[in-house]
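Report on one structure; see the data block that follows.
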Amino acid sequence: MTEKKSRHKKDDYRAGFVTFLGRPNTGKSTLMNALIGEKVAIVSDKPQTTRRAIRGIIHKPNFQVIIIDTPGIHRPRTLLGERLNDMTESVLSEVDILGVCLPADEEIGPGDKRIIENLVKYPKTKKIGILTKIDRVSRAEVAARLLEISALFDWDAVIPTAFNDEEQLAELSELLGSLMPRSEALYPEGMITEDSREIRIAEIIRECALDSAREELPHSIAVTVSDIFPAEANRLTRVFAEIWVERDSQKGIIIGKRGSNLARIGSESRAEIKRVLGEDVYLDLQVKLAKDWQKDPKLLMRLGF
Ligand SMILES: Nc1nc2c(ncn2[C@@H]2O[C@H](COP(=O)(O)OP(=O)(O)OP(=O)(O)O)[C@@H](O)[C@H]2O)c(=O)[nH]1
Ligand SMILES: [Mg+2]
């Protein structure tokens with residue numbers, strides 16, 4: 001550790017935390033993955049996909065940026081909603097930079113303005129406006145939207161991005177680094193996320209299960225990994241995981257006709273686990289009922305909230 005650290009001149013190295021905020025579906029988790037260069041957060045087209053404060057780490061010779069992906073603040077409809085709001089609130093008050101994600105392909109609306117107005121609650125924190133999904137609109141629209149955003153708040157910077165725009169991602173990464181406080185490295189070199197293997201696998205399965213979910217079902221799904229048995233001779237690592245739903249009728253949706261949907265979730269999850277963790281696994285998936293878990297303190301605890 002100390003040997004590695006001493007390579008950086010102490011007085012010009014910077015390190016700190018940033019979180020991206022924005023309405024649901026504005027591309028916060030996608031941006032985090034793109035900046036890290038690896039998938040650490042799951043992504044879907046369903047709003048409120050993110051439920052955990054995930055940390056992803058950018059390493060550069062002269063800085064380290066730790067991105068915390070949060071569920072964001074929502075009007076809570078359940079105890080889960082309240083827990084997630086508390087978690088987000090504590091992250092927002094502790095980071096060095098707040099980055100507000102505003103998608104280029106949607107008008108800036110009251111939801112965005114409310115988030116921007118709230119920024120004054122964090123006077124010591126740097127604030128940047130991030131125009132996301134610029135691949136979806138024309139250059140002229142990008143320029144117009146950037147002016148619009150600049151006029152909304154006294155930002156430290158405003159910057160356009162898209163998950164597939166390497167140049168803009170590099171620029172955003174440098175910008176984040178330059179706005180961080182002077183500090184020693186906060187995480188060991190090469191570490192890209194703080195998450196355990198259990199949590200990463202559970203999140204991959206949840207992402208695959210979300211693909212089949214409509215309407216209220218996305219919110220009802222939780223995934224746990226109860227056991228991982230290491231590989232032995234002639235035997236893959238065995239992962240035992242549970243997909244939890246809130247109502248009995250939802251079990252059928254997840255399982256599908258003659259188990260077809262559960263089989264799809266299983267095979268897609270295995271492929272993704274192999275891609276992300278570099279290891280083929282045997283996956284045992286059970287669908288279980290945790291009645292009204294979003295409202296039940298004991299069940300929330302059981303499911304890791
Ligand atoms: N074309 C395009 N699509 C994007 C971009 N960034 C995100 N998306 C898509 O937008 C949708 C939402 O992305 P997420 O990263 O899950 O959004 P989020 O803000 O984390 O959403 P929540 O966690 O649900 O609040 C997904 O379908 C992404 O593939 C981008 O730069 N360009
Ligand atoms: Mg997200």
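As shown in the structure tokens, the chain order sets the letters A, B, ...; within each chain, residues go from 1, and ligands are also counted from 1 in the order they appear.
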Report as CSV: every residue of chain A with an atom at most 10 Å from ligand 2, its closest pair of atoms, and their distance in Å to one decimal, counting only C-alpha atoms and all ligand atoms, with rows sorted by chain and ascending residue number.
```
residue,atom,partner,partner_atom_place_in_ligand_line,distance
A:Phe20,CA,ligand 2,1 (Mg),9.4
A:Leu21,CA,ligand 2,1 (Mg),9.5
A:Gly22,CA,ligand 2,1 (Mg),9.7
A:Arg23,CA,ligand 2,1 (Mg),9.8
A:Pro24,CA,ligand 2,1 (Mg),7.3
A:Asn25,CA,ligand 2,1 (Mg),6.9
A:Thr26,CA,ligand 2,1 (Mg),8.2
A:Gly27,CA,ligand 2,1 (Mg),6.8
A:Lys28,CA,ligand 2,1 (Mg),5.4
A:Ser29,CA,ligand 2,1 (Mg),4.1
A:Thr30,CA,ligand 2,1 (Mg),7.2
A:Leu31,CA,ligand 2,1 (Mg),9.2
A:Met32,CA,ligand 2,1 (Mg),9.0
A:Ala41,CA,ligand 2,1 (Mg),7.2
A:Ile42,CA,ligand 2,1 (Mg),6.9
A:Val43,CA,ligand 2,1 (Mg),5.9
A:Ser44,CA,ligand 2,1 (Mg),7.7
A:Asp45,CA,ligand 2,1 (Mg),9.5
A:Lys46,CA,ligand 2,1 (Mg),9.4
A:Pro47,CA,ligand 2,1 (Mg),8.1
A:Gln48,CA,ligand 2,1 (Mg),6.6
A:Thr49,CA,ligand 2,1 (Mg),5.3
A:Thr50,CA,ligand 2,1 (Mg),4.2
A:Arg51,CA,ligand 2,1 (Mg),7.8
A:Arg52,CA,ligand 2,1 (Mg),9.1
A:Ala53,CA,ligand 2,1 (Mg),9.8
A:Ile54,CA,ligand 2,1 (Mg),9.8
A:Asp69,CA,ligand 2,1 (Mg),6.9
A:Thr70,CA,ligand 2,1 (Mg),7.1
A:Pro71,CA,ligand 2,1 (Mg),6.5
A:Gly72,CA,ligand 2,1 (Mg),8.6
```
- Message: I want to know what sits within 9 Å of Leu169 of chain A, based on only C-alpha atoms, with residues of the same chain fewer than 5 positions away left out; could you give that as a PyMOL selection string?
- Response: chain A and resi 31+34-35+160-164+174
Written file, previous selection with N, CA and C atoms, as a PDB file, in the first residue's frame:
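Contents of the output file again.pdb:
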```
ATOM      1  N   LEU A  31     -24.225   5.809 -16.184  1.00  0.00           N
ATOM      2  CA  LEU A  31     -23.089   6.722 -16.211  1.00  0.00           C
ATOM      3  C   LEU A  31     -21.995   6.229 -15.266  1.00  0.00           C
ATOM      4  N   ALA A  34     -20.248   3.362 -16.929  1.00  0.00           N
ATOM      5  CA  ALA A  34     -19.438   3.819 -18.063  1.00  0.00           C
ATOM      6  C   ALA A  34     -18.147   4.476 -17.565  1.00  0.00           C
ATOM      7  N   LEU A  35     -18.240   5.218 -16.483  1.00  0.00           N
ATOM      8  CA  LEU A  35     -17.048   5.887 -15.945  1.00  0.00           C
ATOM      9  C   LEU A  35     -16.074   4.894 -15.327  1.00  0.00           C
ATOM     10  N   PRO A 160     -21.811  17.740 -20.947  1.00  0.00           N
ATOM     11  CA  PRO A 160     -22.645  16.753 -21.651  1.00  0.00           C
ATOM     12  C   PRO A 160     -21.981  15.380 -21.694  1.00  0.00           C
ATOM     13  N   THR A 161     -22.801  14.308 -21.636  1.00  0.00           N
ATOM     14  CA  THR A 161     -22.246  12.944 -21.720  1.00  0.00           C
ATOM     15  C   THR A 161     -23.212  11.976 -22.412  1.00  0.00           C
ATOM     16  N   ALA A 162     -22.692  10.842 -22.764  1.00  0.00           N
ATOM     17  CA  ALA A 162     -23.507   9.682 -23.140  1.00  0.00           C
ATOM     18  C   ALA A 162     -22.678   8.462 -22.784  1.00  0.00           C
ATOM     19  N   PHE A 163     -23.349   7.352 -22.518  1.00  0.00           N
ATOM     20  CA  PHE A 163     -22.611   6.181 -22.037  1.00  0.00           C
ATOM     21  C   PHE A 163     -21.620   5.644 -23.064  1.00  0.00           C
ATOM     22  N   ASN A 164     -21.851   5.983 -24.340  1.00  0.00           N
ATOM     23  CA  ASN A 164     -20.978   5.455 -25.399  1.00  0.00           C
ATOM     24  C   ASN A 164     -20.039   6.517 -25.968  1.00  0.00           C
ATOM     25  N   GLU A 174     -12.084  13.571 -15.698  1.00  0.00           N
ATOM     26  CA  GLU A 174     -11.068  14.578 -15.335  1.00  0.00           C
ATOM     27  C   GLU A 174     -11.687  15.712 -14.527  1.00  0.00           C
TER      28      GLU A 174
END
```
- Residues at most 8 Å from Ile254 of chain A, counting only C-alpha atoms, excluding those fewer than 5 positions away in the same chain, as a list in words? Ala209, Ser212, Ala213, Asn261, Leu262 and Val287 of chain A
- From a DSSP pass on the backbone, collect the residues of segment 129-231 of chain A flagged as alpha helix (DSSP H) and hand them back as an NGL selection string. :A and (139-152 or 166-179 or 197-210 or 217-220)
Close residues, segment 138-153 of chain A itself excluded, 9 Å, only C-alpha atoms, min 5 positions apart in chain, as a tab-separated table (two decimals) with N, CA, C and O atoms, in the first residue's frame:
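Output below, filename around_32.tsv:
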```
chain	number	residue	atom	x	y	z
A	102	LEU	N	-29.46	15.19	-16.03
A	102	LEU	CA	-30.64	15.68	-16.74
A	102	LEU	C	-30.59	15.11	-18.15
A	102	LEU	O	-29.65	15.38	-18.91
A	104	ALA	N	-30.93	14.44	-22.03
A	104	ALA	CA	-31.04	15.35	-23.17
A	104	ALA	C	-32.33	15.14	-23.95
A	104	ALA	O	-32.82	16.05	-24.61
A	105	ASP	N	-32.88	13.93	-23.86
A	105	ASP	CA	-34.06	13.63	-24.69
A	105	ASP	C	-35.38	13.91	-23.99
A	105	ASP	O	-36.43	13.50	-24.45
A	107	GLU	N	-37.65	17.11	-21.73
A	107	GLU	CA	-37.71	18.49	-21.25
A	107	GLU	C	-37.29	18.54	-19.79
A	107	GLU	O	-37.53	17.59	-19.05
A	108	ILE	N	-36.70	19.65	-19.38
A	108	ILE	CA	-36.43	19.84	-17.95
A	108	ILE	C	-37.76	20.20	-17.29
A	108	ILE	O	-38.42	21.15	-17.69
A	113	LYS	N	-36.39	20.45	-11.46
A	113	LYS	CA	-36.21	21.75	-10.79
A	113	LYS	C	-36.23	21.59	-9.28
A	113	LYS	O	-35.49	22.26	-8.57
A	116	ILE	N	-32.87	20.45	-8.24
A	116	ILE	CA	-31.89	21.53	-8.33
A	116	ILE	C	-32.08	22.53	-7.19
A	116	ILE	O	-31.11	22.98	-6.57
A	117	GLU	N	-33.35	22.85	-6.87
A	117	GLU	CA	-33.61	23.78	-5.76
A	117	GLU	C	-33.07	23.25	-4.43
A	117	GLU	O	-32.61	24.01	-3.59
A	129	GLY	N	-23.81	20.12	-13.27
A	129	GLY	CA	-24.97	19.71	-14.06
A	129	GLY	C	-24.47	18.77	-15.15
A	129	GLY	O	-23.50	19.08	-15.85
A	130	ILE	N	-25.10	17.60	-15.28
A	130	ILE	CA	-24.66	16.62	-16.28
A	130	ILE	C	-25.80	16.35	-17.25
A	130	ILE	O	-26.86	15.84	-16.86
A	131	LEU	N	-25.58	16.72	-18.49
A	131	LEU	CA	-26.58	16.43	-19.53
A	131	LEU	C	-26.31	15.02	-20.04
A	131	LEU	O	-25.27	14.77	-20.67
A	158	VAL	N	-20.88	22.55	-16.01
A	158	VAL	CA	-21.97	21.85	-16.71
A	158	VAL	C	-21.32	21.06	-17.84
A	158	VAL	O	-20.44	21.58	-18.53
A	159	ILE	N	-21.72	19.80	-18.01
A	159	ILE	CA	-21.00	18.95	-18.96
A	159	ILE	C	-21.96	17.95	-19.63
A	159	ILE	O	-22.84	17.39	-18.98
A	160	PRO	N	-21.81	17.74	-20.95
A	160	PRO	CA	-22.64	16.75	-21.65
A	160	PRO	C	-21.98	15.38	-21.69
A	160	PRO	O	-20.76	15.27	-21.76
```
- Give me the residues within 10 Å of Gln64 of chain A as an NGL selection string, counting only C-alpha atoms and dropping any in the same chain fewer than 3 places off. :A and (13-17 or 57-61 or 67 or 173 or 176-177 or 180 or 183-189)
Could you write out the selected residues, including C-alpha atoms, as a CSV table (one decimal), in the first residue's frame?
```csv
chain,number,residue,atom,x,y,z
A,13,TYR,CA,-3.2,13.9,-5.6
A,14,ARG,CA,-6.9,14.3,-5.2
A,15,ALA,CA,-9.6,11.9,-3.9
A,16,GLY,CA,-13.2,12.0,-2.9
A,17,PHE,CA,-16.8,11.0,-3.3
A,57,ILE,CA,-14.1,3.6,-8.0
A,58,ILE,CA,-12.2,5.4,-10.8
A,59,HIS,CA,-8.4,5.2,-10.6
A,60,LYS,CA,-6.2,7.7,-12.4
A,61,PRO,CA,-2.5,8.5,-11.8
A,67,ILE,CA,-19.0,7.2,-7.2
A,173,SER,CA,-13.8,11.9,-15.2
A,176,LEU,CA,-14.6,15.1,-11.2
A,177,GLY,CA,-11.0,14.5,-10.3
A,180,MET,CA,-12.0,16.7,-5.5
A,183,SER,CA,-6.2,13.7,-0.3
A,184,GLU,CA,-4.4,10.5,-0.3
A,185,ALA,CA,-5.9,7.5,-2.2
A,186,LEU,CA,-8.9,6.2,-0.2
A,187,TYR,CA,-9.0,2.7,-1.8
A,188,PRO,CA,-6.4,0.3,-2.9
A,189,GLU,CA,-5.3,0.5,-6.6
```
- Message: Would you pick out the contacts of segment 232-241 of chain A at 8 Å or less, using only C-alpha atoms, so that residues sharing its chain but fewer than 6 positions from it are not included, and give the list as a PyMOL selection string?
- Response: chain A and resi 202+223-226+280-286
